[in-house]
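Engineer: Sending over a structure as structure tokens; questions will come in a sec.
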Amino acid sequence: MAQDPMQHSVLIADDEAPARRELKRLLQEDSSLVLVGEAENGLDAYTKAMQLRPQIIFLDIQMPALTGVETAQMFLANQYHPLIVFVTAYDEFAVKAFELHAIDYILKPVHKQRFAMVLERIHEQLKEADPQEERSRLLRLVQSLKENSSVSWISLYQGDKIIPIRTDQIIYAEAFGRSCKVMTREGLSCTAYRMHELQAILSSVHFFLCHRSYLINLEYLESVELWVNSTYRLKMKYCDTLIPVSRNSTNELKRLLHLS
């Protein structure tokens, strides 16, 4: 049966069954919202969301397999922009980040008054849907929160499969037109990210933009070779590609590696 155009599909993702039950109970009070699925962990949430394409996702921050932020990051990689409401136990850092980037959130235990306020904002946002603005706000949030997490994830394309990988498995990324390919020990795979987006997500001390077309993980750097015009080429572990260093990036490389 086709969905009523006046209704909006919702997915709930939380590893705590009581929390899911409470969210379901509150959702039932709004006839314009239709629950299409539930998920118990981040990977389950990602899989079901990509299949069901709900317009709204209530996404718990702390879940096994993938955190809520890592799951949202994977949505970004696949050009999927649902309205996300993060659900979290009180975390001062996270709450400040949500408020700074105008991302909706609900604190546990969920209170009816706060839930009603969030639903009101959701309805306003659905009327003025702007996927690119939603993407930009979510990307900025991911950048802020990932510094508070030891591991983050992105998704790669291998044939007709979407494979989530930890970012610390990335050896380097290479720009290809309007997207990037990523090298891991398993080989080269495609992503939906542009280079500047990938650079923002991987903006840790271990990743270095050595050239406008190459972003490397310094943890996998094997050797540095002198090249033309006083620049360098980089040999990475587990692959044969020699990666150029642009003249603009040479001084920064010297600083990072303490080269004379």
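Convention: chains lettered A, B, ... in structure tokens order; per-chain residue numbering from 1; ligands numbered from 1 as shown.
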Could you make a table, as a Markdown table, of the residues of range 9-122 of chain A that have an atom within 9 Å of an atom of range 156-166 of chain A, each with its nearest atom pair and distance in Å to one decimal, counting only C-alpha atoms, in chain and number order?

Structural biologist:
```
| residue | atom | partner | partner_atom | distance |
| --- | --- | --- | --- | --- |
| A:Leu43 | CA | A:Pro164 | CA | 8.7 |
| A:Met74 | CA | A:Pro164 | CA | 7.8 |
| A:Ala77 | CA | A:Leu156 | CA | 8.4 |
```

Engineer: Go ahead and save the picked residues with C-alpha atoms, as a tab-separated table (two decimals), in the first residue's frame.

Structural biologist:
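This went into part08.tsv:
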```
chain	number	residue	atom	x	y	z
A	43	LEU	CA	25.10	-1.41	11.39
A	74	MET	CA	27.91	6.62	6.31
A	77	ALA	CA	28.88	9.01	2.03
```

Engineer: Check range 36-138 of chain A with DSSP on the backbone and list each residue it calls strand (DSSP E or B), as JSON, numbers by chain.

Structural biologist: {"A": [36, 37, 38, 39, 56, 57, 58, 59, 60, 83, 84, 85, 86, 87, 88, 105, 106, 107]}

Engineer: Calculated over only C-alpha atoms, which of the candidates A:Val95, A:Leu253, A:Ile243, A:Leu83 has the smallest distance to Gln132 in chain A?

Structural biologist: A:Leu83

Engineer: As a tab-separated table (two decimals) with C-alpha atoms, in the first residue's frame, please: all residues of range 11-109 of chain A that backbone DSSP puts in alpha helix (DSSP H).

Structural biologist:
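Done, and the output landed in selection_11.tsv:
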```tsv
chain	number	residue	atom	x	y	z
A	17	ALA	CA	14.54	-2.01	24.01
A	18	PRO	CA	12.87	0.20	26.69
A	19	ALA	CA	14.09	3.32	24.89
A	20	ARG	CA	12.67	2.05	21.58
A	21	ARG	CA	9.33	1.28	23.24
A	22	GLU	CA	9.11	4.78	24.74
A	23	LEU	CA	9.91	6.43	21.39
A	24	LYS	CA	7.29	4.26	19.67
A	25	ARG	CA	4.69	5.21	22.27
A	26	LEU	CA	5.37	8.92	21.77
A	27	LEU	CA	5.38	8.60	17.97
A	42	GLY	CA	24.42	1.05	14.19
A	43	LEU	CA	25.10	-1.41	11.39
A	44	ASP	CA	21.51	-2.67	11.52
A	45	ALA	CA	20.33	0.97	11.42
A	46	TYR	CA	22.48	1.70	8.39
A	47	THR	CA	21.30	-1.41	6.50
A	48	LYS	CA	17.61	-0.84	7.22
A	49	ALA	CA	17.78	2.88	6.49
A	50	MET	CA	19.39	2.28	3.10
A	51	GLN	CA	16.65	-0.26	2.29
A	52	LEU	CA	13.64	1.61	3.69
A	68	GLY	CA	25.08	6.99	15.82
A	69	VAL	CA	27.58	9.54	14.56
A	70	GLU	CA	29.44	6.91	12.51
A	71	THR	CA	26.12	5.72	11.06
A	72	ALA	CA	25.22	9.30	10.09
A	73	GLN	CA	28.66	9.64	8.51
A	74	MET	CA	27.91	6.62	6.31
A	75	PHE	CA	24.61	8.17	5.22
A	76	LEU	CA	26.58	11.21	4.08
A	77	ALA	CA	28.88	9.01	2.03
A	92	GLU	CA	27.88	18.04	27.59
A	93	PHE	CA	30.27	17.94	24.62
A	94	ALA	CA	27.72	16.28	22.32
A	95	VAL	CA	24.86	18.55	23.38
A	96	LYS	CA	26.93	21.67	22.68
A	97	ALA	CA	27.82	20.26	19.25
A	98	PHE	CA	24.17	19.53	18.45
A	99	GLU	CA	23.13	23.04	19.43
A	100	LEU	CA	26.02	24.67	17.58
```

Engineer: Go ahead and compute the interatomic distance for CA of Val142 in chain A and CA of Ile201 in chain A, in Å to one decimal.

Structural biologist: 7.2 Å

Engineer: Using only C-alpha atoms, which protein or nucleic acid residues come within 9 Å of Cys210 in chain A? Drop anything in the same chain fewer than 3 positions from it, and give the result as a PyMOL selection string.

Structural biologist: chain A and resi 213-216+243-246+248-250+252-253

Engineer: Can you spit out the residues from that selection as a compact mmCIF listing (two decimals), in the first residue's frame, using N, CA and C atoms?

Structural biologist:
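Output saved as selection.txt:
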```
# COMPACT_ATOMS: atom_id res chain seq x y z
N SER A 213 45.12 16.02 -5.17
CA SER A 213 44.45 14.78 -5.56
C SER A 213 44.75 13.62 -4.62
N TYR A 214 45.57 13.83 -3.59
CA TYR A 214 45.97 12.72 -2.72
C TYR A 214 45.92 13.11 -1.24
N LEU A 215 45.27 12.25 -0.48
CA LEU A 215 45.23 12.38 0.98
C LEU A 215 45.82 11.09 1.55
N ILE A 216 46.90 11.20 2.32
CA ILE A 216 47.58 9.99 2.80
C ILE A 216 47.43 9.83 4.31
N ILE A 243 53.23 8.37 -4.66
CA ILE A 243 52.32 9.50 -4.53
C ILE A 243 53.09 10.81 -4.54
N PRO A 244 52.73 11.74 -5.42
CA PRO A 244 53.46 13.01 -5.49
C PRO A 244 53.13 13.94 -4.33
N VAL A 245 54.09 14.76 -3.98
CA VAL A 245 53.88 15.84 -3.00
C VAL A 245 53.95 17.15 -3.77
N SER A 246 52.91 17.95 -3.68
CA SER A 246 52.91 19.22 -4.41
C SER A 246 53.90 20.20 -3.78
N ASN A 248 53.32 23.15 -2.90
CA ASN A 248 52.66 23.86 -1.80
C ASN A 248 52.62 23.05 -0.51
N SER A 249 52.73 21.73 -0.63
CA SER A 249 52.65 20.87 0.55
C SER A 249 54.02 20.41 1.06
N THR A 250 55.07 20.74 0.32
CA THR A 250 56.40 20.24 0.67
C THR A 250 56.86 20.72 2.05
N GLU A 252 55.10 21.66 4.60
CA GLU A 252 54.31 21.04 5.66
C GLU A 252 54.75 19.60 5.89
N LEU A 253 55.08 18.89 4.81
CA LEU A 253 55.59 17.52 4.95
C LEU A 253 56.91 17.52 5.73
```

Engineer: For Leu242 in chain A, which of A:Leu259, A:Leu209, A:Leu226, A:Leu33 is the closest residue, counting only C-alpha atoms?

Structural biologist: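 Checking each of A:Leu259, A:Leu209, A:Leu226, A:Leu33 against Leu242 in chain A, counting only C-alpha atoms, the winner is A:Leu226.
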
Engineer: Please report the interatomic distance between CA of Arg137 in chain A and CA of Ile122 in chain A in Å with one decimal.

Structural biologist: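 Computing it gives 14.8 Å between the two atoms.
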
Engineer: Would you mind telling me which residue in A:Leu139, A:Val224, A:Ile12, A:Met6 lies nearest to Val87 in chain A when using only C-alpha atoms?

Structural biologist: A:Ile12

Engineer: Check the smallest atom-to-atom distance from each of A:Gln125, A:Gln199, A:Ser136, A:Thr191 to Ile154 in chain A using only C-alpha atoms, then report the winner.

Structural biologist: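 Closest candidate: A:Thr191.
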
Engineer: When you look at Thr88 in chain A with a cut-off of 8 Å (counting only C-alpha atoms), what residues show up, excluding the ones that are within fewer than 5 positions of it in the same chain? I need them as a PDB file with C-alpha atoms, in the first residue's frame.

Structural biologist:
```
ATOM      1  CA  ASP A  60      20.980   6.682  19.458  1.00  0.00           C
ATOM      2  CA  ILE A  61      24.528   8.006  19.842  1.00  0.00           C
ATOM      3  CA  GLN A  62      26.012   5.052  21.736  1.00  0.00           C
ATOM      4  CA  TYR A 105      18.555  15.833  19.809  1.00  0.00           C
ATOM      5  CA  ILE A 106      16.653  14.220  22.671  1.00  0.00           C
ATOM      6  CA  LEU A 107      18.123  13.394  26.061  1.00  0.00           C
ATOM      7  CA  LYS A 108      17.400  10.132  27.857  1.00  0.00           C
TER       8      LYS A 108
END
```

Engineer: Which residues, written as a count of residues only, have at least one atom at most 12 Å from Gly177 in chain A, with only C-alpha atoms counted and residues fewer than 5 positions away on the same chain left out?

Structural biologist: 8

Engineer: Using only C-alpha atoms, which of the listed residues (A:Asn217, A:Asn78, A:Thr184, A:Ser179) sits closest to Cys239 in chain A?

Structural biologist: A:Thr184

Engineer: Go through A:Tyr232, A:Ser155, A:Thr241, A:Pro109 and flag the residue nearest Glu174 in chain A, using only C-alpha atoms for the distances.

Structural biologist: A:Thr241

Engineer: Give me the residues within 6 Å of Leu218 in chain A as a list of chain:residue names, counting only C-alpha atoms and dropping any in the same chain fewer than 3 places off.

Structural biologist: A:His206, A:Phe207, A:Leu221
